[in-house]
>>> print(open('query29.tsv').read())   # TSV, C-alpha atoms and all ligand atoms
chain	number	residue	atom	x	y	z
A	558	MET	CA	-12.14	-6.26	6.78
A	559	PRO	CA	-9.24	-8.63	7.50
A	560	ASP	CA	-6.48	-7.38	9.77
A	561	LEU	CA	-2.92	-6.87	8.54
A	562	LEU	CA	0.06	-6.33	10.81
A	563	GLN	CA	2.67	-3.97	9.34
A	564	ILE	CA	6.22	-4.57	10.56
A	565	GLY	CA	8.67	-1.82	9.56
A	566	GLY	CA	7.80	0.86	7.01
A	567	ILE	CA	5.71	0.60	3.86
A	568	THR	CA	5.55	3.10	1.02
A	569	ASP	CA	2.61	5.45	0.42
A	570	ALA	CA	1.80	3.56	-2.77
A	571	MET	CA	1.63	0.27	-0.86
A	572	ARG	CA	-0.58	1.81	1.83
A	573	ALA	CA	-2.90	3.29	-0.80
A	574	ARG	CA	-3.58	-0.19	-2.24
A	575	LEU	CA	-3.68	-2.05	1.07
A	576	ALA	CA	-5.83	0.34	3.14
A	577	PRO	CA	-9.11	-0.29	1.23
A	578	ARG	CA	-8.72	-4.06	1.74
A	579	PHE	CA	-7.19	-4.45	5.22
A	580	ASP	CA	-7.38	-2.85	8.64
A	581	ILE	CA	-3.69	-2.02	8.99
A	582	HIS	CA	-2.05	-2.24	12.43
A	583	VAL	CA	1.48	-0.85	12.63
A	584	LEU	CA	3.53	-2.94	15.07
A	585	SER	CA	5.71	-0.05	16.28
A	586	GLU	CA	2.61	2.05	17.07
A	587	LEU	CA	0.55	-0.58	18.90
A	588	PRO	CA	-0.28	0.10	22.56
A	589	GLU	CA	1.40	-2.19	25.11
A	590	GLY	CA	-0.42	-5.54	25.30
A	591	TRP	CA	-2.42	-5.00	22.08
A	592	LEU	CA	-0.85	-7.95	20.30
A	593	THR	CA	-1.47	-10.32	23.22
A	594	GLU	CA	-5.10	-9.24	23.40
A	595	HIS	CA	-5.93	-8.88	19.69
A	596	GLY	CA	-3.23	-10.93	17.89
A	597	ASP	CA	-5.81	-13.58	16.99
A	598	LYS	CA	-7.38	-11.09	14.54
A	599	ILE	CA	-4.23	-10.82	12.42
A	600	THR	CA	-4.42	-12.83	9.20
A	601	HIS	CA	-1.70	-11.16	7.13
A	602	VAL	CA	1.70	-9.61	7.86
A	603	ALA	CA	3.63	-7.16	5.68
A	604	THR	CA	7.29	-7.04	6.67
A	605	ASN	CA	10.74	-6.66	5.14
A	606	GLY	CA	14.05	-8.46	4.92
A	607	HIS	CA	15.54	-6.65	7.92
A	608	ASP	CA	12.75	-6.84	10.49
A	609	GLY	CA	11.36	-10.24	9.48
A	610	VAL	CA	8.71	-11.60	11.84
A	611	PRO	CA	9.96	-11.96	15.45
A	612	ALA	CA	9.07	-15.24	17.19
A	613	HIS	CA	6.90	-13.45	19.78
A	614	VAL	CA	4.80	-11.94	16.96
A	615	MET	CA	4.39	-15.34	15.30
A	616	GLU	CA	3.21	-16.74	18.63
A	617	ALA	CA	0.81	-13.88	19.28
A	618	CYS	CA	-0.89	-14.38	15.89
A	619	PRO	CA	-2.40	-17.90	15.92
A	620	ASN	CA	-4.61	-17.20	12.88
A	621	LEU	CA	-1.86	-15.84	10.65
A	622	LYS	CA	-2.46	-16.98	7.06
A	623	MET	CA	0.23	-15.26	5.00
A	624	ILE	CA	3.39	-13.13	5.23
A	625	GLY	CA	4.51	-10.73	2.50
A	626	CYS	CA	8.21	-9.77	2.59
A	627	TYR	CA	9.48	-6.55	0.97
A	628	GLY	CA	12.84	-7.89	-0.23
A	629	VAL	CA	14.16	-11.02	-1.93
A	630	GLY	CA	16.26	-12.04	1.09
A	631	TYR	CA	14.15	-13.55	3.86
A	632	ASP	CA	16.74	-14.84	6.33
A	633	ALA	CA	15.03	-12.79	9.09
A	634	ILE	CA	11.89	-14.93	8.73
A	635	ASP	CA	11.75	-18.46	10.17
A	636	THR	CA	10.33	-20.06	7.03
A	637	GLY	CA	10.63	-23.53	8.59
A	638	ALA	CA	8.22	-22.47	11.34
A	639	CYS	CA	5.94	-20.83	8.74
A	640	ALA	CA	5.87	-24.00	6.60
A	641	ALA	CA	5.08	-26.09	9.71
A	642	ARG	CA	2.12	-23.80	10.45
A	643	GLY	CA	0.95	-23.76	6.82
A	644	ILE	CA	1.73	-20.04	6.40
A	645	PRO	CA	3.00	-19.11	2.92
A	646	VAL	CA	5.68	-16.40	2.69
A	647	SER	CA	6.08	-14.24	-0.40
A	648	HIS	CA	9.23	-12.30	-1.33
A	649	THR	CA	10.33	-10.02	-4.19
A	650	PRO	CA	12.64	-11.93	-6.55
A	651	ASP	CA	13.81	-10.63	-9.96
A	652	VAL	CA	12.41	-7.07	-9.80
A	653	LEU	CA	15.59	-5.91	-8.03
A	654	ASN	CA	18.21	-7.95	-9.93
A	655	SER	CA	19.27	-5.09	-12.16
A	656	GLU	CA	19.55	-2.53	-9.32
A	657	VAL	CA	21.59	-4.74	-7.01
A	658	ALA	CA	23.88	-5.62	-9.93
A	659	THR	CA	24.36	-1.91	-10.60
A	660	THR	CA	25.28	-1.43	-6.93
A	661	ALA	CA	27.93	-4.15	-7.18
A	662	LEU	CA	29.39	-2.55	-10.30
A	663	MET	CA	29.30	0.88	-8.69
A	664	LEU	CA	31.40	-0.42	-5.77
A	665	ILE	CA	33.89	-2.17	-8.07
A	666	LEU	CA	34.34	0.85	-10.33
A	667	GLY	CA	34.50	3.25	-7.38
A	668	LEU	CA	37.29	1.21	-5.78
A	669	PHE	CA	39.39	0.56	-8.90
A	670	ARG	CA	39.17	4.21	-9.94
A	671	GLU	CA	39.52	5.62	-6.37
A	672	LEU	CA	36.33	7.67	-6.61
A	673	ARG	CA	36.35	8.70	-2.93
A	674	ARG	CA	39.99	9.76	-2.97
A	675	ASP	CA	39.76	11.80	-6.16
A	676	ASP	CA	36.50	13.48	-5.18
A	677	ALA	CA	38.21	14.52	-1.92
A	678	TYR	CA	41.24	15.70	-3.92
A	679	VAL	CA	39.15	18.12	-5.95
A	680	ARG	CA	37.09	19.33	-2.98
A	681	SER	CA	40.20	20.00	-0.86
A	682	GLY	CA	41.70	22.31	-3.49
A	683	ARG	CA	44.82	20.12	-3.68
A	684	TRP	CA	44.49	19.66	-7.45
A	685	GLU	CA	45.18	23.37	-7.96
A	686	HIS	CA	48.15	23.41	-5.54
A	687	ASP	CA	49.70	19.93	-5.80
A	688	GLY	CA	49.01	19.01	-9.42
A	689	ASN	CA	47.39	15.92	-10.87
A	690	SER	CA	46.07	13.16	-8.64
A	691	ALA	CA	47.86	9.78	-8.48
A	692	LEU	CA	46.96	7.19	-11.10
A	693	THR	CA	44.44	4.43	-10.38
A	694	ARG	CA	43.93	0.82	-11.49
A	695	SER	CA	41.79	-0.09	-14.50
A	696	ALA	CA	38.60	-2.09	-14.01
A	697	ASP	CA	38.96	-3.61	-17.49
A	698	GLY	CA	39.84	-7.25	-18.13
A	699	ARG	CA	39.82	-8.37	-14.48
A	700	LYS	CA	39.41	-11.87	-13.09
A	701	ILE	CA	36.18	-11.76	-11.13
A	702	GLY	CA	34.76	-14.44	-8.84
A	703	ILE	CA	31.06	-14.46	-7.98
A	704	LEU	CA	30.01	-16.28	-4.80
A	705	GLY	CA	26.35	-17.08	-5.60
A	706	MET	CA	25.25	-17.45	-9.25
A	707	GLY	CA	21.47	-17.06	-8.85
A	708	ARG	CA	19.16	-14.35	-10.16
A	709	ILE	CA	21.33	-11.42	-9.05
A	710	GLY	CA	24.70	-13.14	-9.54
A	711	GLN	CA	23.85	-13.81	-13.18
A	712	GLU	CA	22.76	-10.20	-13.69
A	713	ILE	CA	26.02	-8.97	-12.16
A	714	ALA	CA	27.95	-11.19	-14.60
A	715	ARG	CA	25.86	-9.84	-17.51
A	716	LYS	CA	26.40	-6.20	-16.55
A	717	LEU	CA	30.12	-6.79	-15.98
A	718	SER	CA	30.56	-8.19	-19.50
A	719	VAL	CA	31.27	-4.78	-21.07
A	720	PHE	CA	34.46	-4.67	-18.99
A	721	ASP	CA	35.71	-7.89	-20.64
A	722	PRO	CA	36.22	-9.80	-17.39
A	723	GLU	CA	37.16	-13.45	-16.91
A	724	ILE	CA	34.27	-14.66	-14.74
A	725	HIS	CA	34.52	-17.46	-12.18
A	726	TYR	CA	31.85	-18.57	-9.70
A	727	HIS	CA	31.29	-20.73	-6.65
A	728	THR	CA	27.96	-22.24	-5.59
A	729	ARG	CA	27.08	-25.59	-4.00
A	730	SER	CA	26.03	-27.00	-7.38
A	731	ALA	CA	27.31	-25.98	-10.84
A	732	LYS	CA	24.95	-23.90	-13.00
A	733	ASP	CA	24.28	-23.82	-16.74
A	734	VAL	CA	26.29	-20.62	-17.28
A	735	PRO	CA	29.34	-19.91	-19.47
A	736	TYR	CA	31.68	-19.15	-16.54
A	737	THR	CA	34.39	-21.13	-14.75
A	738	TYR	CA	32.97	-23.16	-11.85
A	739	HIS	CA	34.93	-23.75	-8.64
A	740	ALA	CA	33.67	-26.35	-6.19
A	741	ASN	CA	35.95	-24.80	-3.55
A	742	LEU	CA	35.68	-21.14	-2.48
A	743	VAL	CA	39.33	-20.73	-1.39
A	744	ASP	CA	40.47	-22.08	-4.77
A	745	MET	CA	38.28	-19.51	-6.52
A	746	ALA	CA	39.56	-16.68	-4.30
A	747	GLU	CA	43.13	-17.64	-5.28
A	748	ALA	CA	42.20	-17.52	-8.98
A	749	VAL	CA	40.52	-14.08	-9.02
A	750	GLU	CA	41.22	-10.40	-8.28
A	751	VAL	CA	37.69	-9.44	-7.23
A	752	LEU	CA	35.31	-11.56	-5.14
A	753	ILE	CA	31.62	-10.55	-5.22
A	754	VAL	CA	29.37	-12.01	-2.51
A	755	ILE	CA	25.73	-12.49	-3.59
A	756	THR	CA	24.35	-15.53	-1.73
A	757	PRO	CA	21.41	-15.53	0.69
A	758	GLY	CA	22.16	-14.89	4.37
A	759	GLY	CA	21.32	-17.29	7.20
A	760	ALA	CA	23.03	-20.25	8.88
A	761	ALA	CA	24.05	-22.05	5.66
A	762	THR	CA	26.21	-19.14	4.47
A	763	HIS	CA	27.37	-17.75	7.84
A	764	HIS	CA	31.03	-16.59	7.58
A	765	LEU	CA	31.57	-18.42	4.27
A	766	VAL	CA	34.06	-15.64	3.55
A	767	ASN	CA	36.56	-16.24	6.35
A	768	GLU	CA	40.24	-15.48	6.95
A	769	ALA	CA	41.40	-18.22	4.57
A	770	VAL	CA	39.27	-16.82	1.73
A	771	LEU	CA	40.47	-13.26	2.39
A	772	ASN	CA	44.13	-14.36	2.49
A	773	ALA	CA	43.62	-16.22	-0.79
A	774	LEU	CA	42.18	-13.07	-2.40
A	775	GLY	CA	45.37	-11.31	-1.36
A	776	PRO	CA	46.95	-7.85	-1.04
A	777	ASP	CA	45.79	-6.74	-4.51
A	778	GLY	CA	42.39	-8.39	-4.09
A	779	MET	CA	39.01	-6.71	-3.69
A	780	LEU	CA	35.99	-8.01	-1.76
A	781	ILE	CA	32.50	-6.78	-2.68
A	782	ASN	CA	29.56	-7.73	-0.43
A	783	VAL	CA	26.04	-6.91	-1.63
A	784	ALA	CA	24.47	-10.02	-0.01
A	785	ARG	CA	24.22	-10.08	3.78
A	786	GLY	CA	26.76	-8.99	6.40
A	787	SER	CA	26.58	-12.44	7.99
A	788	VAL	CA	28.23	-14.09	4.97
A	789	VAL	CA	31.56	-12.34	5.70
A	790	ASP	CA	33.55	-12.66	8.95
A	791	GLU	CA	33.74	-8.90	9.58
A	792	THR	CA	36.42	-9.16	12.28
A	793	ALA	CA	38.66	-11.15	9.94
A	794	LEU	CA	37.87	-8.68	7.14
A	795	ILE	CA	38.87	-5.63	9.20
A	796	ALA	CA	42.13	-7.31	10.28
A	797	ALA	CA	42.97	-8.29	6.68
A	798	LEU	CA	42.29	-4.76	5.41
A	799	GLN	CA	44.24	-3.15	8.27
A	800	ASP	CA	47.42	-5.16	7.77
A	801	GLY	CA	47.31	-5.23	3.95
A	802	ARG	CA	46.57	-8.95	3.50
A	803	LEU	CA	43.49	-7.78	1.54
A	804	GLY	CA	43.63	-4.77	-0.80
A	805	GLN	CA	40.16	-3.22	-0.80
A	806	ALA	CA	36.54	-3.85	0.13
A	807	GLY	CA	33.23	-2.44	-1.09
A	808	LEU	CA	30.41	-3.17	1.35
A	809	ASP	CA	26.68	-2.54	1.16
A	810	VAL	CA	25.87	-4.81	4.12
A	811	PHE	CA	27.32	-5.36	7.60
A	812	GLU	CA	27.09	-7.96	10.35
A	813	ALA	CA	25.25	-5.74	12.86
A	814	GLU	CA	23.88	-3.03	10.54
A	815	PRO	CA	23.13	-0.20	10.88
A	816	HIS	CA	26.08	-0.39	13.29
A	817	VAL	CA	29.32	-0.28	11.32
A	818	PRO	CA	32.48	-0.83	13.38
A	819	GLU	CA	34.58	2.30	13.92
A	820	ALA	CA	37.68	0.40	12.74
A	821	LEU	CA	36.02	-0.21	9.37
A	822	ARG	CA	34.86	3.39	9.07
A	823	GLN	CA	38.43	4.60	9.65
A	824	LEU	CA	39.91	2.68	6.72
A	825	ASP	CA	40.78	4.40	3.42
A	826	ASN	CA	40.73	1.20	1.37
A	827	VAL	CA	36.97	0.65	1.72
A	828	LEU	CA	33.84	2.01	0.08
A	829	LEU	CA	30.82	1.76	2.39
A	830	LEU	CA	27.11	1.98	1.56
A	831	PRO	CA	24.10	1.87	3.95
A	832	HIS	CA	22.39	-1.25	2.49
A	833	VAL	CA	21.08	0.51	-0.62
A	834	GLY	CA	21.53	-2.34	-3.10
A	835	SER	CA	17.93	-2.04	-4.27
A	836	GLY	CA	17.42	1.50	-2.96
A	837	THR	CA	16.12	3.51	-5.91
A	838	HIS	CA	12.62	4.97	-6.27
A	839	GLU	CA	11.99	2.82	-9.33
A	840	THR	CA	13.08	-0.53	-7.88
A	841	ARG	CA	11.55	0.01	-4.46
A	842	ALA	CA	8.24	0.87	-6.22
A	843	ALA	CA	8.41	-2.42	-8.14
A	844	MET	CA	9.19	-4.33	-4.93
A	845	GLY	CA	6.34	-2.64	-3.05
A	846	SER	CA	3.95	-3.37	-5.88
A	847	LEU	CA	4.91	-7.06	-5.83
A	848	VAL	CA	4.39	-7.28	-2.05
A	849	VAL	CA	0.88	-5.87	-2.43
A	850	ASP	CA	0.11	-8.07	-5.47
A	851	ASN	CA	0.99	-11.10	-3.32
A	852	LEU	CA	-1.08	-10.02	-0.31
A	853	LEU	CA	-4.14	-9.18	-2.43
A	854	SER	CA	-3.83	-12.32	-4.52
A	855	HIS	CA	-3.77	-14.40	-1.34
A	856	LEU	CA	-6.72	-12.48	0.06
A	857	ASP	CA	-8.78	-12.90	-3.13
A	858	ASP	CA	-8.08	-16.51	-4.07
A	859	GLY	CA	-5.50	-17.96	-1.71
A	860	LYS	CA	-2.70	-17.78	-4.29
A	861	VAL	CA	0.78	-16.48	-3.51
A	862	LEU	CA	2.48	-15.22	-6.68
A	863	THR	CA	6.13	-15.28	-5.66
A	864	SER	CA	6.51	-17.64	-2.72
A	865	VAL	CA	9.83	-18.44	-1.06
A	866	PRO	CA	10.82	-22.03	-2.00
A	867	GLU	CA	10.19	-23.36	1.53
A	868	THR	CA	6.45	-22.55	1.38
A	869	ALA	CA	5.83	-22.87	-2.38
A	870	HIS	CA	3.78	-26.05	-1.85
A	871	LEU	CA	1.25	-24.19	0.30
A	872	SER	CA	-0.53	-22.14	-2.37
B	1	LIG	P1	19.06	-16.75	-5.58
B	1	LIG	O1	18.56	-16.58	-6.98
B	1	LIG	O2	18.38	-17.70	-4.68
B	1	LIG	O3	20.62	-17.13	-5.69
B	1	LIG	C1	21.37	-17.53	-4.60
B	1	LIG	C2	22.68	-18.15	-5.09
B	1	LIG	O4	23.50	-18.43	-3.94
B	1	LIG	C3	22.48	-19.47	-5.84
B	1	LIG	O5	23.33	-19.49	-6.95
B	1	LIG	C4	22.92	-20.53	-4.82
B	1	LIG	O6	23.45	-21.66	-5.50
B	1	LIG	C5	23.99	-19.77	-4.04
B	1	LIG	N1	24.17	-20.30	-2.69
B	1	LIG	C6	23.22	-20.51	-1.74
B	1	LIG	N2	23.77	-21.03	-0.64
B	1	LIG	C7	25.09	-21.18	-0.89
B	1	LIG	C8	26.18	-21.70	-0.15
B	1	LIG	N3	26.03	-22.19	1.09
B	1	LIG	N4	27.41	-21.70	-0.72
B	1	LIG	C9	27.58	-21.23	-1.97
B	1	LIG	N5	26.58	-20.70	-2.72
B	1	LIG	C10	25.36	-20.70	-2.20
B	1	LIG	O7	19.06	-15.38	-4.81
B	1	LIG	P2	19.14	-13.89	-5.42
B	1	LIG	O8	17.80	-13.45	-5.84
B	1	LIG	O9	20.27	-13.83	-6.40
B	1	LIG	O10	19.51	-13.07	-4.09
B	1	LIG	C11	20.67	-13.38	-3.36
B	1	LIG	C12	20.71	-12.62	-2.06
B	1	LIG	O11	21.12	-11.28	-2.27
B	1	LIG	C13	19.40	-12.47	-1.28
B	1	LIG	O12	19.05	-13.64	-0.58
B	1	LIG	C14	19.71	-11.32	-0.35
B	1	LIG	O13	20.25	-11.79	0.87
B	1	LIG	C15	20.78	-10.53	-1.12
B	1	LIG	N6	20.28	-9.21	-1.54
B	1	LIG	C16	20.85	-8.09	-1.06
B	1	LIG	C17	20.38	-6.86	-1.47
B	1	LIG	C18	20.98	-5.59	-0.99
B	1	LIG	O14	20.27	-4.61	-0.87
B	1	LIG	N7	22.27	-5.55	-0.74
B	1	LIG	C19	19.30	-6.78	-2.35
B	1	LIG	C20	18.74	-7.93	-2.82
B	1	LIG	C21	19.24	-9.15	-2.42
B	1	LIG	P3	23.46	-23.12	-4.81
B	1	LIG	O15	22.10	-23.34	-4.24
B	1	LIG	O16	23.83	-24.07	-5.91
B	1	LIG	O17	24.51	-23.09	-3.76
B	2	LIG	C1	16.17	-4.42	0.80
B	2	LIG	C2	17.39	-6.62	0.38
B	2	LIG	O1	16.99	-3.43	1.32
B	2	LIG	O2	15.88	-7.65	-1.10
B	2	LIG	C3	16.71	-7.80	-0.20
B	2	LIG	O3	17.04	-8.92	0.23
B	2	LIG	O4	18.29	-6.74	1.15
B	2	LIG	C4	17.01	-5.26	-0.08
B	2	LIG	O5	16.42	-5.26	-1.31
B	2	LIG	C5	15.42	-4.94	1.94
B	2	LIG	O6	15.02	-6.25	1.91
B	2	LIG	C6	14.22	-4.03	2.16
B	2	LIG	O7	13.84	-4.16	3.42
>>> encode(input="query29.tsv", output="structure tokens")
Amino acid sequence: MPDLLQIGGITDAMRARLAPRFDIHVLSELPEGWLTEHGDKITHVATNGHDGVPAHVMEACPNLKMIGCYGVGYDAIDTGACAARGIPVSHTPDVLNSEVATTALMLILGLFRELRRDDAYVRSGRWEHDGNSALTRSADGRKIGILGMGRIGQEIARKLSVFDPEIHYHTRSAKDVPYTYHANLVDMAEAVEVLIVITPGGAATHHLVNEAVLNALGPDGMLINVARGSVVDETALIAALQDGRLGQAGLDVFEAEPHVPEALRQLDNVLLLPHVGSGTHETRAAMGSLVVDNLLSHLDDGKVLTSVPETAHLS
């Protein structure tokens, strides 16, 4: 049987389909030196968007033929190096659009309607002693800017539509969508009340959301990040939230996750999630299934079903 290297966790359902077809080697359980000695056996890798494939693993596996990534974001994988070596990389587009969009909406609604504060109000018993909780802001009819109008960005816009928003977006090139395009991100941040970040991570989007963008969003503005922590300058974000230059933030992703700076965790004007944008049983099952479909399709007839664009020409 061919040998597959597993980086990070896989679900039981994935293992049940992979085990009859591959000898599975779990990177974190390998004895010291195993990869150096036996890396030439590895033909396939199953990894995820967080762990990627470290350079030393790529080097230790000279006969690697394909990488399957559990996640649509693949910034942790050097796809340039993979393309140069003729190694196709699959990812999991589309099957998680709806879930990640729901996560973005959940953060927006939770912040406008002060879900954390009011839950704490009831639990503390203050409702009974101090009377009704303070009023909140409506989520209806807001001006919303979406940074990234791809698969997930478009689904966020669709799901938001029941709240009658005015939708703006910024991408490098305008899309065929019925929303207001801004070629400049600071201009868009000035025009909206909520800025949702849903671009890929990596060098091209590093710190796109900087101090100037946060200042433009303003004291009543809200930043939502369901993309990658690297897209937002977290130090500038914390400073803006601390001194009131930015109103609120809802974050599913962080620059050095799972580490979340203490200063951010201390703030009341933030809603923080542990990178669970796609984290439901249903969506993770669909993602896992697509990873296995890709690996088995490549094994059976060399075809990758959902390749990343950089390696699409290879299968
Ligand atoms: P996609 O379909 O490729 O869309 C990406 C969008 O970002 C495109 O509209 C693209 O437009 C825009 N973009 C790319 N680079 C840009 C730049 N430098 N400046 C401005 N806009 C830029 O990707 P997707 O499937 O929607 O996924 C987006 C990302 O969401 C993933 O890569 C992943 O990092 C993240 N994600 C997070 C979670 C989570 O759990 N929180 C779950 C799934 C995905 P242009 O090319 O025209 O610029
Ligand atoms: C997952 C994600 O949490 O798809 C992505 O890009 O960030 C999430 O869906 C992650 O990739 C699973 O490891």
>>> closest_residue(input="query29.tsv", among="A:Ala573, A:Leu653, A:Ile599, A:Ala696", to="ligand LIG 1 (chain B)", atoms="all atoms listed in the file")
A:Leu653
>>> closest_atom_pairs(input="query29.tsv", of="chain A", to="ligand LIG 2 (chain B)", cutoff="8 Å", atoms="only C-alpha atoms and all ligand atoms", output="JSON lines")
{"residue": "A:Thr604", "atom": "CA", "partner": "B:LIG2", "partner_atom": "O7", "distance": 7.9}
{"residue": "A:Asn605", "atom": "CA", "partner": "B:LIG2", "partner_atom": "O7", "distance": 4.3}
{"residue": "A:Gly606", "atom": "CA", "partner": "B:LIG2", "partner_atom": "O6", "distance": 3.9}
{"residue": "A:His607", "atom": "CA", "partner": "B:LIG2", "partner_atom": "O7", "distance": 5.4}
{"residue": "A:Asp608", "atom": "CA", "partner": "B:LIG2", "partner_atom": "O7", "distance": 7.6}
{"residue": "A:Cys626", "atom": "CA", "partner": "B:LIG2", "partner_atom": "O6", "distance": 7.7}
{"residue": "A:Tyr627", "atom": "CA", "partner": "B:LIG2", "partner_atom": "C6", "distance": 5.5}
{"residue": "A:Gly628", "atom": "CA", "partner": "B:LIG2", "partner_atom": "O2", "distance": 3.2}
{"residue": "A:Val629", "atom": "CA", "partner": "B:LIG2", "partner_atom": "O2", "distance": 3.9}
{"residue": "A:Gly630", "atom": "CA", "partner": "B:LIG2", "partner_atom": "O3", "distance": 3.3}
{"residue": "A:Tyr631", "atom": "CA", "partner": "B:LIG2", "partner_atom": "O3", "distance": 6.6}
{"residue": "A:Thr649", "atom": "CA", "partner": "B:LIG2", "partner_atom": "O2", "distance": 6.8}
{"residue": "A:Pro650", "atom": "CA", "partner": "B:LIG2", "partner_atom": "O2", "distance": 7.6}
{"residue": "A:Leu653", "atom": "CA", "partner": "B:LIG2", "partner_atom": "O5", "distance": 6.8}
{"residue": "A:Val657", "atom": "CA", "partner": "B:LIG2", "partner_atom": "O5", "distance": 7.7}
{"residue": "A:Pro757", "atom": "CA", "partner": "B:LIG2", "partner_atom": "O3", "distance": 7.9}
{"residue": "A:Ala784", "atom": "CA", "partner": "B:LIG2", "partner_atom": "O4", "distance": 7.1}
{"residue": "A:Arg785", "atom": "CA", "partner": "B:LIG2", "partner_atom": "O4", "distance": 7.3}
{"residue": "A:His832", "atom": "CA", "partner": "B:LIG2", "partner_atom": "O1", "distance": 5.9}
{"residue": "A:Val833", "atom": "CA", "partner": "B:LIG2", "partner_atom": "O1", "distance": 6.0}
{"residue": "A:Gly834", "atom": "CA", "partner": "B:LIG2", "partner_atom": "O5", "distance": 6.2}
{"residue": "A:Ser835", "atom": "CA", "partner": "B:LIG2", "partner_atom": "O5", "distance": 4.6}
{"residue": "A:Gly836", "atom": "CA", "partner": "B:LIG2", "partner_atom": "O1", "distance": 6.5}
{"residue": "A:Arg841", "atom": "CA", "partner": "B:LIG2", "partner_atom": "O5", "distance": 7.8}
>>> atom_distance(input="query29.tsv", atom1="CA of Glu814 (chain A)", atom2="CA of Gly759 (chain A)")
14.9 Å
>>> atom_distance(input="query29.tsv", atom1="CA of Leu856 (chain A)", atom2="CA of Pro619 (chain A)")
17.3 Å
>>> residues_around(input="query29.tsv", residues="Asn772 (chain A)", least_positions_apart="4", cutoff="8 Å", atoms="all atoms listed in the file", output="NGL selection string")
:A and (768 or 776 or 797 or 802-803)
>>> atom_distance(input="query29.tsv", atom1="CA of Ala714 (chain A)", atom2="CA of Thr728 (chain A)")
14.3 Å
>>> residues_near_point(input="query29.tsv", point="(6.7, -17.7, -4.9)", cutoff="9 Å", atoms="only C-alpha atoms", output="mmCIF file with C-alpha atoms, keeping the file's coordinate frame")
data_model
loop_
_atom_site.group_PDB
_atom_site.id
_atom_site.type_symbol
_atom_site.label_atom_id
_atom_site.label_comp_id
_atom_site.auth_asym_id
_atom_site.auth_seq_id
_atom_site.Cartn_x
_atom_site.Cartn_y
_atom_site.Cartn_z
ATOM 1 C CA PRO A 645 3.000 -19.110 2.920
ATOM 2 C CA VAL A 646 5.680 -16.400 2.690
ATOM 3 C CA SER A 647 6.080 -14.240 -0.400
ATOM 4 C CA HIS A 648 9.230 -12.300 -1.330
ATOM 5 C CA THR A 649 10.330 -10.020 -4.190
ATOM 6 C CA PRO A 650 12.640 -11.930 -6.550
ATOM 7 C CA ASN A 851 0.990 -11.100 -3.320
ATOM 8 C CA VAL A 861 0.780 -16.480 -3.510
ATOM 9 C CA LEU A 862 2.480 -15.220 -6.680
ATOM 10 C CA THR A 863 6.130 -15.280 -5.660
ATOM 11 C CA SER A 864 6.510 -17.640 -2.720
ATOM 12 C CA VAL A 865 9.830 -18.440 -1.060
ATOM 13 C CA PRO A 866 10.820 -22.030 -2.000
ATOM 14 C CA THR A 868 6.450 -22.550 1.380
ATOM 15 C CA ALA A 869 5.830 -22.870 -2.380
ATOM 16 C CA SER A 872 -0.530 -22.140 -2.370
#
>>> closest_residue(input="query29.tsv", among="A:Thr792, A:Thr568, A:Ser787, A:Asn654", to="Val848 (chain A)", atoms="only C-alpha atoms")
A:Thr568
>>> residues_around(input="query29.tsv", residues="Ala612 (chain A)", least_positions_apart="5", cutoff="10 Å", atoms="all atoms listed in the file", output="list in words")
Ala617, Ile634, Asp635 and Ala638 of chain A
>>> closest_residue(input="query29.tsv", among="A:Pro559, A:Gly566, A:Gly590, A:Gly702", to="ligand LIG 1 (chain B)", atoms="all atoms listed in the file")
A:Gly702
>>> residues_around(input="query29.tsv", residues="Leu853 (chain A)", least_positions_apart="4", cutoff="8 Å", atoms="all atoms listed in the file", output="VMD selection string")
chain A and resid 575 849 857
>>> closest_residue(input="query29.tsv", among="A:Gln823, A:Ser695, A:Ser730, A:Asn767", to="ligand LIG 1 (chain B)", atoms="all atoms listed in the file")
A:Ser730
>>> axis_aligned_box(input="query29.tsv", around="region 676-694 of chain A", padding_each_side="8 Å", output="AutoDock Vina command-line options")
--center_x 43.1 --center_y 12.1 --center_z -6.2 --size_x 29.2 --size_y 38.6 --size_z 26.6
>>> closest_residue(input="query29.tsv", among="A:Ile709, A:Ile581, A:Ala691, A:Ala769", to="ligand LIG 1 (chain B)", atoms="only C-alpha atoms and all ligand atoms")
A:Ile709
>>> decode(input="query29.tsv", residues="region 664-668 of chain A", atoms="N, CA, C and O atoms", output="short mmCIF file (atom, residue, chain, number, x, y, z; two decimals), in the first residue's frame")
data_model
loop_
_atom_site.label_atom_id
_atom_site.label_comp_id
_atom_site.auth_asym_id
_atom_site.auth_seq_id
_atom_site.Cartn_x
_atom_site.Cartn_y
_atom_site.Cartn_z
N LEU A 664 -21.10 36.89 14.82
CA LEU A 664 -20.27 37.91 15.48
C LEU A 664 -20.90 39.29 15.36
O LEU A 664 -20.94 40.06 16.33
N ILE A 665 -21.41 39.61 14.17
CA ILE A 665 -22.03 40.93 13.96
C ILE A 665 -23.25 41.10 14.87
O ILE A 665 -23.39 42.11 15.58
N LEU A 666 -24.12 40.10 14.87
CA LEU A 666 -25.35 40.19 15.67
C LEU A 666 -25.01 40.23 17.16
O LEU A 666 -25.59 41.00 17.93
N GLY A 667 -24.04 39.39 17.56
CA GLY A 667 -23.65 39.33 18.97
C GLY A 667 -23.10 40.66 19.46
O GLY A 667 -23.32 41.05 20.61
N LEU A 668 -22.39 41.37 18.59
CA LEU A 668 -21.82 42.67 18.99
C LEU A 668 -22.88 43.77 18.99
O LEU A 668 -23.00 44.52 19.96
#
